[in-house]
>>> print(open('query_18.csv').read())   # CSV, C-alpha atoms
chain,number,residue,atom,x,y,z
A,993,MET,CA,122.4,72.3,91.3
A,994,THR,CA,121.0,75.7,92.2
A,995,GLU,CA,121.5,76.9,95.7
A,996,HIS,CA,117.7,76.8,96.4
A,997,ALA,CA,114.9,76.9,93.9
A,998,PRO,CA,111.8,77.3,96.1
A,999,LEU,CA,109.1,78.5,93.6
A,1000,ILE,CA,106.5,76.2,92.1
A,1001,LEU,CA,104.8,78.2,89.3
A,1002,ASP,CA,102.1,77.5,86.7
A,1003,VAL,CA,102.0,78.1,83.0
A,1004,ALA,CA,99.2,79.8,81.1
A,1005,GLY,CA,98.2,77.3,78.3
A,1006,LEU,CA,98.7,74.2,76.2
A,1007,GLU,CA,102.3,75.2,75.2
A,1008,LEU,CA,105.0,77.3,76.7
A,1009,THR,CA,105.2,81.0,75.8
A,1010,ALA,CA,108.4,83.0,75.8
A,1011,ALA,CA,107.3,84.5,79.2
A,1012,ASP,CA,106.8,80.9,80.6
A,1013,ARG,CA,110.3,79.9,79.4
A,1014,ARG,CA,111.9,83.0,81.0
A,1015,ARG,CA,110.2,82.4,84.3
A,1016,LEU,CA,111.0,78.6,84.3
A,1017,ALA,CA,114.7,79.4,83.6
A,1018,HIS,CA,115.0,81.6,86.6
A,1019,PRO,CA,117.2,80.0,89.3
A,1020,LEU,CA,114.6,80.6,92.0
A,1021,THR,CA,112.0,78.4,90.1
A,1022,GLY,CA,112.0,74.8,91.2
A,1023,GLY,CA,109.0,73.4,89.4
A,1024,VAL,CA,105.7,73.8,87.6
A,1025,ILE,CA,102.2,72.9,88.6
A,1026,LEU,CA,99.8,71.9,85.8
A,1027,PHE,CA,96.0,72.4,85.7
A,1028,ALA,CA,93.1,71.2,83.4
A,1029,ARG,CA,93.7,74.3,81.2
A,1030,ASN,CA,97.1,72.8,80.3
A,1031,TRP,CA,95.5,69.6,79.0
A,1032,GLU,CA,94.1,68.8,75.6
A,1033,ASN,CA,95.3,65.3,75.0
A,1034,ARG,CA,98.2,62.9,75.9
A,1035,ALA,CA,100.3,64.0,72.9
A,1036,GLN,CA,100.0,67.6,73.7
A,1037,LEU,CA,100.7,67.0,77.5
A,1038,LEU,CA,103.8,65.0,76.6
A,1039,GLN,CA,105.0,67.8,74.3
A,1040,LEU,CA,104.4,70.3,77.1
A,1041,THR,CA,106.3,68.4,79.7
A,1042,SER,CA,109.1,67.7,77.3
A,1043,SER,CA,109.4,71.4,76.5
A,1044,ILE,CA,109.5,72.2,80.3
A,1045,LYS,CA,112.3,69.8,80.8
A,1046,ALA,CA,114.1,71.3,77.8
A,1047,VAL,CA,114.2,74.6,79.7
A,1048,ARG,CA,115.7,72.9,82.8
A,1049,ASP,CA,115.8,69.1,83.3
A,1050,ASP,CA,115.7,69.5,87.1
A,1051,LEU,CA,112.3,71.2,87.2
A,1052,LEU,CA,109.7,69.2,89.2
A,1053,ILE,CA,106.5,68.9,87.1
A,1054,CYS,CA,103.6,68.6,89.5
A,1055,VAL,CA,99.8,68.2,89.4
A,1056,ASP,CA,96.9,67.9,91.7
A,1057,HIS,CA,95.7,64.4,90.6
A,1058,GLU,CA,94.0,62.6,93.5
A,1059,GLY,CA,91.1,60.8,91.9
A,1060,GLY,CA,87.4,61.7,92.2
A,1061,ARG,CA,86.7,65.4,91.6
A,1062,VAL,CA,90.3,66.4,91.9
A,1063,GLN,CA,91.8,64.9,88.7
A,1064,ARG,CA,93.2,67.3,86.1
A,1065,PHE,CA,93.4,64.8,83.2
A,1066,ARG,CA,90.3,62.8,82.5
A,1067,THR,CA,90.2,62.0,78.7
A,1068,ASP,CA,92.2,60.3,76.0
A,1069,GLY,CA,92.7,57.1,78.0
A,1070,PHE,CA,93.3,58.4,81.5
A,1071,THR,CA,91.6,56.2,84.0
A,1072,HIS,CA,88.8,57.9,86.0
A,1073,LEU,CA,90.1,57.2,89.5
A,1074,PRO,CA,87.6,56.9,92.4
A,1075,PRO,CA,87.4,59.4,95.2
A,1076,MET,CA,89.4,58.2,98.2
A,1077,ARG,CA,86.2,57.8,100.2
A,1078,ALA,CA,85.3,54.9,98.0
A,1079,LEU,CA,88.4,53.1,99.4
A,1080,GLY,CA,87.3,53.9,103.0
A,1081,GLU,CA,83.8,52.5,102.2
A,1082,MET,CA,85.4,49.3,100.8
A,1083,TRP,CA,87.4,49.0,104.0
A,1084,MET,CA,84.1,48.9,106.0
A,1085,ASP,CA,82.5,46.3,103.7
A,1086,ASP,CA,83.2,42.8,104.9
A,1087,GLY,CA,80.4,41.2,102.9
A,1088,LYS,CA,77.1,39.7,104.1
A,1089,GLY,CA,75.7,36.4,105.2
A,1090,ALA,CA,77.8,33.2,105.0
A,1091,LYS,CA,80.4,34.9,102.8
A,1092,ALA,CA,81.1,37.7,105.3
A,1093,GLY,CA,84.7,37.7,106.5
A,1094,PRO,CA,85.9,40.0,109.3
A,1095,GLY,CA,88.6,42.2,108.0
A,1096,SER,CA,88.2,41.1,104.4
A,1097,GLY,CA,87.0,44.6,103.4
A,1098,ALA,CA,90.2,46.2,104.9
A,1099,LEU,CA,92.4,43.8,103.0
A,1100,ARG,CA,90.6,44.4,99.7
A,1101,ALA,CA,90.7,48.2,100.3
A,1102,THR,CA,94.5,48.3,101.0
A,1103,ASN,CA,95.0,46.2,97.8
A,1104,ALA,CA,92.7,48.6,95.8
A,1105,ALA,CA,94.5,51.7,97.3
A,1106,THR,CA,97.9,50.3,96.1
A,1107,ALA,CA,96.3,49.7,92.6
A,1108,ALA,CA,95.0,53.3,92.6
A,1109,GLY,CA,98.4,54.7,93.4
A,1110,TYR,CA,100.1,52.6,90.7
A,1111,VAL,CA,97.5,53.5,88.0
A,1112,LEU,CA,97.7,57.2,89.0
A,1113,GLY,CA,101.5,57.3,89.0
A,1114,ALA,CA,102.1,55.2,85.9
A,1115,GLU,CA,99.7,57.2,83.7
A,1116,LEU,CA,101.1,60.5,84.8
A,1117,ARG,CA,104.7,59.4,84.3
A,1118,ALA,CA,103.9,58.1,80.8
A,1119,CYS,CA,103.0,61.7,80.0
A,1120,GLY,CA,106.1,63.2,81.6
A,1121,VAL,CA,104.6,64.3,84.9
A,1122,ASP,CA,107.0,63.9,87.9
A,1123,PHE,CA,104.8,64.3,91.0
A,1124,SER,CA,101.2,64.5,92.3
A,1125,PHE,CA,100.0,66.2,95.4
A,1126,THR,CA,98.4,63.2,96.9
A,1127,PRO,CA,97.2,61.6,99.2
A,1128,VAL,CA,94.8,63.7,101.3
A,1129,LEU,CA,95.3,62.7,105.0
A,1130,ASP,CA,92.4,64.9,106.3
A,1131,LEU,CA,89.7,63.1,108.3
A,1132,ASP,CA,86.2,62.9,107.0
A,1133,TRP,CA,84.2,64.7,109.7
A,1134,GLY,CA,81.3,65.2,107.3
A,1135,GLU,CA,81.5,69.0,107.7
A,1136,SER,CA,84.0,70.2,105.1
A,1137,GLY,CA,82.7,70.7,101.6
A,1138,VAL,CA,86.2,71.4,100.2
A,1139,ILE,CA,87.5,68.1,101.6
A,1140,GLY,CA,84.4,65.8,101.6
A,1141,ASP,CA,84.9,62.6,99.6
A,1142,ARG,CA,88.6,63.5,99.0
A,1143,ALA,CA,89.2,62.0,102.5
A,1144,PHE,CA,89.6,58.2,103.0
A,1145,HIS,CA,87.7,57.9,106.3
A,1146,ARG,CA,86.9,59.4,109.7
A,1147,ASP,CA,89.2,57.1,111.6
A,1148,PRO,CA,92.9,58.2,111.5
A,1149,ARG,CA,94.1,54.6,111.6
A,1150,VAL,CA,92.1,53.7,108.5
A,1151,VAL,CA,93.4,56.9,106.8
A,1152,ALA,CA,97.0,56.1,107.6
A,1153,LEU,CA,96.9,52.5,106.3
A,1154,LEU,CA,95.0,53.3,103.1
A,1155,ALA,CA,97.3,56.2,102.5
A,1156,LYS,CA,100.4,54.0,103.1
A,1157,SER,CA,98.9,51.5,100.6
A,1158,LEU,CA,98.3,54.2,98.0
A,1159,MET,CA,101.8,55.6,98.5
A,1160,HIS,CA,103.2,52.1,97.9
A,1161,GLY,CA,101.5,52.1,94.5
A,1162,LEU,CA,102.9,55.5,93.7
A,1163,LEU,CA,106.3,54.3,94.6
A,1164,GLN,CA,106.0,51.3,92.3
A,1165,ALA,CA,105.3,53.8,89.5
A,1166,GLY,CA,108.3,55.9,90.5
A,1167,LEU,CA,106.4,58.8,92.1
A,1168,ALA,CA,107.0,60.5,95.5
A,1169,ASN,CA,104.0,61.5,97.6
A,1170,CYS,CA,102.5,64.5,99.5
A,1171,GLY,CA,100.4,64.2,102.6
A,1172,LYS,CA,98.0,67.1,103.0
A,1173,HIS,CA,96.8,69.2,104.7
A,1174,PHE,CA,98.8,69.2,107.9
A,1175,PRO,CA,97.7,69.0,110.7
A,1176,GLY,CA,94.2,68.6,109.3
A,1177,HIS,CA,91.6,70.5,107.2
A,1178,GLY,CA,88.7,68.1,107.6
A,1179,PHE,CA,87.2,69.5,110.9
A,1180,VAL,CA,86.5,73.1,109.7
A,1181,LYS,CA,83.7,74.0,107.3
A,1182,ALA,CA,85.3,77.1,105.7
A,1183,ASP,CA,87.1,76.8,102.4
A,1184,SER,CA,90.7,78.2,102.6
A,1185,HIS,CA,90.5,79.1,98.9
A,1186,THR,CA,88.0,81.9,99.8
A,1187,GLU,CA,88.1,82.3,103.6
A,1188,VAL,CA,90.5,81.9,106.5
A,1189,PRO,CA,89.3,78.8,108.4
A,1190,VAL,CA,89.8,78.7,112.2
A,1191,ASP,CA,89.9,75.5,114.2
A,1192,LYS,CA,89.6,76.2,117.9
A,1193,ARG,CA,90.5,72.8,119.2
A,1194,SER,CA,93.4,72.2,121.6
A,1195,LEU,CA,96.8,71.0,120.4
A,1196,LYS,CA,96.2,67.7,122.3
A,1197,ALA,CA,92.9,67.1,120.5
A,1198,ILE,CA,94.4,67.8,117.1
A,1199,LEU,CA,97.4,65.6,117.7
A,1200,ALA,CA,95.3,62.7,119.0
A,1201,ASP,CA,93.0,62.8,116.0
A,1202,ASP,CA,93.5,64.8,112.8
A,1203,ALA,CA,97.3,64.9,112.9
A,1204,ALA,CA,97.7,61.3,114.0
A,1205,PRO,CA,98.5,59.9,110.5
A,1206,TYR,CA,101.6,62.1,110.1
A,1207,PRO,CA,103.9,60.5,112.8
A,1208,TRP,CA,102.5,57.1,111.8
A,1209,LEU,CA,103.6,57.7,108.2
A,1210,SER,CA,106.8,59.5,109.0
A,1211,SER,CA,109.0,56.8,107.4
A,1212,THR,CA,106.8,56.8,104.3
A,1213,LEU,CA,105.9,60.4,103.6
A,1214,THR,CA,108.2,62.1,101.1
A,1215,SER,CA,106.5,65.5,101.4
A,1216,VAL,CA,103.8,67.4,103.3
A,1217,MET,CA,101.6,70.3,102.5
A,1218,PRO,CA,100.3,72.3,105.5
A,1219,ALA,CA,96.7,73.7,105.7
A,1220,HIS,CA,95.9,77.4,105.3
A,1221,VAL,CA,94.0,77.0,108.6
A,1222,ILE,CA,94.5,78.9,111.9
A,1223,TYR,CA,94.6,76.8,115.1
A,1224,PRO,CA,94.5,79.7,117.6
A,1225,LYS,CA,95.3,77.6,120.6
A,1226,VAL,CA,98.6,76.6,119.0
A,1227,ASP,CA,99.6,79.7,116.9
A,1228,SER,CA,97.9,82.9,115.6
A,1229,ARG,CA,99.2,82.2,112.0
A,1230,PRO,CA,97.9,79.5,109.6
A,1231,ALA,CA,99.9,76.2,109.9
A,1232,GLY,CA,101.8,76.9,106.6
A,1233,PHE,CA,103.3,80.1,108.1
A,1234,SER,CA,103.9,78.8,111.6
A,1235,GLN,CA,107.3,77.8,113.0
A,1236,ARG,CA,105.5,76.1,115.9
A,1237,TRP,CA,103.6,73.8,113.6
A,1238,LEU,CA,106.3,73.2,110.9
A,1239,GLN,CA,109.6,73.2,112.9
A,1240,ASP,CA,108.6,72.4,116.5
A,1241,ILE,CA,105.8,69.9,115.9
A,1242,LEU,CA,106.3,68.4,112.3
A,1243,ARG,CA,110.1,68.5,112.1
A,1244,ARG,CA,111.2,67.9,115.8
A,1245,GLN,CA,108.3,66.2,117.5
A,1246,MET,CA,107.1,64.0,114.6
A,1247,ARG,CA,110.7,63.7,113.1
A,1248,PHE,CA,109.6,64.4,109.5
A,1249,ASP,CA,112.5,65.1,107.2
A,1250,GLY,CA,110.9,65.3,103.8
A,1251,ALA,CA,109.9,68.4,101.8
A,1252,ILE,CA,107.3,70.9,103.0
A,1253,PHE,CA,105.3,72.7,100.3
A,1254,SER,CA,103.2,75.8,101.1
A,1255,ASP,CA,99.7,75.5,99.7
A,1256,ASP,CA,98.8,78.0,97.0
A,1257,LEU,CA,99.8,81.5,98.0
A,1258,SER,CA,97.0,83.0,96.0
A,1259,MET,CA,94.4,81.4,98.3
A,1260,GLU,CA,92.6,83.7,100.7
A,1261,GLY,CA,93.9,81.6,103.6
A,1262,ALA,CA,97.5,82.7,102.6
A,1263,ARG,CA,96.8,86.3,101.9
A,1264,ARG,CA,96.1,87.4,105.4
A,1265,LEU,CA,98.8,87.2,108.1
A,1266,ASP,CA,98.4,88.7,111.5
A,1267,GLY,CA,95.2,90.3,110.3
A,1268,GLN,CA,96.8,92.1,107.4
A,1269,VAL,CA,96.5,91.5,103.7
A,1270,VAL,CA,100.1,90.8,102.4
A,1271,SER,CA,101.8,90.6,99.0
A,1272,TYR,CA,102.7,87.3,97.4
A,1273,THR,CA,106.4,88.1,98.2
A,1274,ASP,CA,105.7,88.7,101.9
A,1275,ALA,CA,103.6,85.5,102.0
A,1276,ALA,CA,106.4,83.5,100.3
A,1277,VAL,CA,109.0,84.9,102.7
A,1278,ALA,CA,106.8,84.1,105.7
A,1279,ALA,CA,106.3,80.5,104.5
A,1280,LEU,CA,110.0,79.9,103.8
A,1281,GLU,CA,111.0,81.5,107.2
A,1282,ALA,CA,108.4,79.3,109.0
A,1283,GLY,CA,110.0,76.1,107.5
A,1284,CYS,CA,108.5,75.5,104.1
A,1285,ASP,CA,111.0,74.3,101.5
A,1286,LEU,CA,108.9,75.2,98.5
A,1287,VAL,CA,106.1,77.7,97.9
A,1288,LEU,CA,103.3,77.5,95.3
A,1289,LEU,CA,101.7,80.3,93.4
A,1290,CYS,CA,98.9,79.1,91.2
A,1291,ASN,CA,96.7,80.5,88.4
A,1292,GLN,CA,98.6,83.8,88.2
A,1293,SER,CA,100.3,83.2,84.8
A,1294,VAL,CA,97.1,83.7,82.9
A,1295,GLY,CA,96.9,87.1,81.3
A,1296,ASP,CA,100.0,89.3,81.7
A,1297,GLY,CA,101.4,87.1,84.5
A,1298,ARG,CA,102.5,90.3,86.4
A,1299,ALA,CA,101.9,88.6,89.8
A,1300,VAL,CA,104.4,85.8,88.9
A,1301,ASP,CA,107.1,88.3,87.8
A,1302,GLU,CA,106.5,90.4,90.9
A,1303,LEU,CA,107.0,87.3,93.1
A,1304,ILE,CA,110.2,86.2,91.3
A,1305,ASP,CA,111.6,89.7,91.5
A,1306,GLY,CA,110.4,90.3,95.0
A,1307,LEU,CA,111.9,87.0,96.3
A,1308,GLU,CA,115.2,87.8,94.7
A,1309,LYS,CA,115.2,91.2,96.3
A,1310,ALA,CA,114.2,89.8,99.7
A,1311,ARG,CA,117.1,87.4,99.5
A,1312,LYS,CA,119.5,90.3,98.8
A,1313,GLN,CA,118.0,92.1,101.7
A,1314,GLY,CA,118.6,89.1,104.0
A,1315,ARG,CA,114.8,88.6,104.6
A,1316,TRP,CA,115.2,84.9,103.8
A,1317,GLN,CA,118.2,82.6,103.5
A,1318,PRO,CA,118.4,79.9,100.7
A,1319,SER,CA,118.7,76.4,102.2
A,1320,VAL,CA,120.8,73.7,100.7
A,1321,ASP,CA,118.8,71.2,102.7
A,1322,SER,CA,115.6,72.5,101.1
A,1323,GLU,CA,117.1,72.1,97.7
A,1324,SER,CA,118.1,68.6,98.4
A,1325,ARG,CA,114.6,67.8,99.5
A,1326,ARG,CA,113.2,69.2,96.3
A,1327,LEU,CA,115.6,67.2,94.1
A,1328,ALA,CA,114.7,64.0,96.1
A,1329,LEU,CA,111.1,64.3,94.8
A,1330,LEU,CA,112.2,63.9,91.2
A,1331,PRO,CA,111.7,60.3,89.8
A,1332,GLU,CA,114.8,58.1,89.7
A,1333,THR,CA,113.5,55.6,87.2
A,1334,LEU,CA,112.6,55.9,83.5
A,1335,PRO,CA,108.8,56.0,82.8
A,1336,GLN,CA,107.0,53.5,80.6
A,1337,ALA,CA,105.6,54.6,77.3
A,1338,TRP,CA,101.8,54.8,77.3
A,1339,ASP,CA,101.4,52.1,74.6
A,1340,ASP,CA,103.7,49.7,76.6
A,1341,LEU,CA,101.8,50.5,79.8
A,1342,MET,CA,98.5,49.4,78.2
A,1343,TYR,CA,99.8,45.8,77.9
A,1344,GLN,CA,101.7,45.6,81.1
A,1345,PRO,CA,100.3,42.8,83.4
A,1346,ALA,CA,100.8,44.8,86.6
A,1347,TYR,CA,98.9,47.8,85.2
A,1348,LEU,CA,96.0,45.6,83.9
A,1349,GLN,CA,95.7,43.8,87.2
A,1350,ALA,CA,95.7,47.2,89.0
A,1351,LEU,CA,92.8,48.3,86.9
A,1352,ASP,CA,90.8,45.2,87.9
A,1353,LEU,CA,91.3,46.0,91.6
A,1354,LEU,CA,89.9,49.5,91.5
A,1355,PRO,CA,86.5,50.0,93.2
>>> encode(input="query_18.csv", output="structure tokens")
Amino acid sequence: MTEHAPLILDVAGLELTAADRRRLAHPLTGGVILFARNWENRAQLLQLTSSIKAVRDDLLICVDHEGGRVQRFRTDGFTHLPPMRALGEMWMDDGKGAKAGPGSGALRATNAATAAGYVLGAELRACGVDFSFTPVLDLDWGESGVIGDRAFHRDPRVVALLAKSLMHGLLQAGLANCGKHFPGHGFVKADSHTEVPVDKRSLKAILADDAAPYPWLSSTLTSVMPAHVIYPKVDSRPAGFSQRWLQDILRRQMRFDGAIFSDDLSMEGARRLDGQVVSYTDAAVAALEAGCDLVLLCNQSVGDGRAVDELIDGLEKARKQGRWQPSVDSESRRLALLPETLPQAWDDLMYQPAYLQALDLLP
């Protein structure tokens, strides 16, 4: 076990290059995040994930695979999963006329959410993927284009119960989960990929509404990803760089003890701290010091990958300078996200009764 491997990096293409292998073998690298450019078909994906594990078998292979428009693998047999809003709409539909049954929609929706989690997790695991950054716990305020139909519902109680059901399905497939984007990205219109969103509501209002699913799910969540959003009435820094949000509120007040991932450090919402444009290394150090266990740098391996190498070297130098301290607890949280069971082979999965029933339950 390494002392602390906080970096989640990406790889450039359909197979590993010598540069990819060198970066993945570095003791500060804890995992890989895959994108659509890393996908051609199931055989190629299984070869890629196998070659990643051959470099280091403890690397966490991750993907953003939620359903709807955020689903990286869509062909060669992968089920097209519905956006999470479809489950929220199912919750609200109790039928009509004599067949209407109060609450029947909610029960169907929780069953469908578990089925979606199981299908999502089982298909990923059959291709060697360990982990998906799902579910979205943001509320559907109807304002955010970047969240939109990725959210289950406007009501935090519905969000929490559908998310818990989805996480149950993931668990059945052997996958951990990631609630995002703490304490809530659904209220602001700005997209943190290209801007620095600001949510001017009070802490009391945020905790009562957008952040409410997090303490309700504290016994179920295995990881959390904070938002690159500034909540100025709480802290001047985005939540992912804020000790107030991550340590005081999420860890102590909400008693969350799972892993905390930064969102992508290459996003605009992560590049500006205290009004200044910062390097990837400074952003990573700030996130780790604020309370993140793991930090993501995405889409920087394409081309010469200089930014990835600069981050690895910069974080190593920052450690020697005492700017951040490796955490044994953080490393334990990372390792806890790795699946503990063997995956089913794809061909076996296609005949498994539980999987076939789950497909029938999807909206």
>>> closest_residue(input="query_18.csv", among="A:Val1277, A:Ile1044, A:Leu1129, A:Leu1163", to="Met1217 in chain A", atoms="all atoms listed in the file")
A:Leu1129
>>> closest_residue(input="query_18.csv", among="A:Leu1099, A:Ala1278, A:Ala1337, A:Ala1114", to="Gln1317 in chain A", atoms="all atoms listed in the file")
A:Ala1278
>>> closest_residue(input="query_18.csv", among="A:Glu1323, A:Phe1070, A:Leu1209, A:Leu1257", to="Ala1299 in chain A", atoms="all atoms listed in the file")
A:Leu1257
>>> closest_residue(input="query_18.csv", among="A:Ala1004, A:Met1076, A:Leu1265, A:Val1024", to="Asp1122 in chain A", atoms="only C-alpha atoms")
A:Val1024
>>> atom_distance(input="query_18.csv", atom1="CA of Gly1176 in chain A", atom2="CA of Ala1279 in chain A")
17.6 Å
>>> closest_residue(input="query_18.csv", among="A:Val1047, A:Arg1142, A:Asp1201, A:Pro1148", to="Ala1010 in chain A", atoms="only C-alpha atoms")
A:Val1047
>>> atom_distance(input="query_18.csv", atom1="CA of Gly1060 in chain A", atom2="CA of Leu1327 in chain A")
28.8 Å
>>> atom_distance(input="query_18.csv", atom1="CA of Gly1250 in chain A", atom2="CA of Leu1330 in chain A")
12.7 Å
>>> closest_residue(input="query_18.csv", among="A:Ala1328, A:Leu1073, A:Val1221, A:Leu1167", to="Leu1351 in chain A", atoms="all atoms listed in the file")
A:Leu1073
>>> residues_around(input="query_18.csv", residues="range 1229-1238 of chain A", least_positions_apart="6", cutoff="9 Å", atoms="only C-alpha atoms", output="ChimeraX atom specification")
/A:1174-1175,1188-1190,1217-1223,1244,1252-1255,1261-1262,1264-1266,1275,1278-1284
>>> closest_atom_pairs(input="query_18.csv", of="range 1137-1236 of chain A", to="range 1048-1057 of chain A", cutoff="12 Å", atoms="all atoms listed in the file", output="tab-separated table")
residue	atom	partner	partner_atom	distance
A:Arg1142	CA	A:His1057	CA	11.0
A:Leu1162	CA	A:His1057	CA	11.9
A:Leu1167	CA	A:Cys1054	CA	10.5
A:Ala1168	CA	A:Cys1054	CA	10.6
A:Asn1169	CA	A:Cys1054	CA	10.8
A:Cys1170	CA	A:Asp1056	CA	10.2
A:Lys1172	CA	A:Asp1056	CA	11.4
>>> residues_near_point(input="query_18.csv", point="(102.9, 87.6, 85.2)", cutoff="12 Å", atoms="only C-alpha atoms", output="ChimeraX atom specification")
/A:1001-1004,1009-1012,1014-1015,1289-1305
>>> build_atoms(input="query_18.csv", residues="range 1343-1354 of chain A", atoms="N, CA, C and O atoms", output="short mmCIF file (atom, residue, chain, number, x, y, z; two decimals), in the coordinates of the input")
data_model
loop_
_atom_site.label_atom_id
_atom_site.label_comp_id
_atom_site.auth_asym_id
_atom_site.auth_seq_id
_atom_site.Cartn_x
_atom_site.Cartn_y
_atom_site.Cartn_z
N TYR A 1343 99.71 47.31 77.95
CA TYR A 1343 99.80 45.80 77.90
C TYR A 1343 100.55 45.25 79.08
O TYR A 1343 100.74 44.04 79.14
N GLN A 1344 100.93 46.09 80.02
CA GLN A 1344 101.70 45.60 81.10
C GLN A 1344 100.81 44.83 82.12
O GLN A 1344 99.79 45.36 82.59
N PRO A 1345 101.14 43.60 82.49
CA PRO A 1345 100.30 42.80 83.40
C PRO A 1345 99.99 43.51 84.73
O PRO A 1345 98.85 43.46 85.21
N ALA A 1346 100.99 44.13 85.34
CA ALA A 1346 100.80 44.80 86.60
C ALA A 1346 99.76 45.92 86.52
O ALA A 1346 98.92 46.12 87.42
N TYR A 1347 99.81 46.66 85.44
CA TYR A 1347 98.90 47.80 85.20
C TYR A 1347 97.47 47.22 84.99
O TYR A 1347 96.49 47.73 85.57
N LEU A 1348 97.34 46.19 84.16
CA LEU A 1348 96.00 45.60 83.90
C LEU A 1348 95.42 45.00 85.14
O LEU A 1348 94.20 45.13 85.37
N GLN A 1349 96.24 44.37 85.95
CA GLN A 1349 95.70 43.80 87.20
C GLN A 1349 95.27 44.94 88.14
O GLN A 1349 94.22 44.84 88.80
N ALA A 1350 96.04 46.04 88.19
CA ALA A 1350 95.70 47.20 89.00
C ALA A 1350 94.31 47.75 88.62
O ALA A 1350 93.48 48.09 89.47
N LEU A 1351 94.07 47.85 87.32
CA LEU A 1351 92.80 48.30 86.90
C LEU A 1351 91.62 47.47 87.36
O LEU A 1351 90.57 47.97 87.75
N ASP A 1352 91.85 46.17 87.39
CA ASP A 1352 90.80 45.20 87.90
C ASP A 1352 90.51 45.38 89.35
O ASP A 1352 89.42 45.03 89.81
N LEU A 1353 91.49 45.89 90.11
CA LEU A 1353 91.30 46.00 91.60
C LEU A 1353 90.67 47.29 92.01
O LEU A 1353 90.28 47.41 93.17
N LEU A 1354 90.52 48.24 91.10
CA LEU A 1354 89.90 49.50 91.50
C LEU A 1354 88.45 49.37 91.83
O LEU A 1354 87.74 48.59 91.19
#
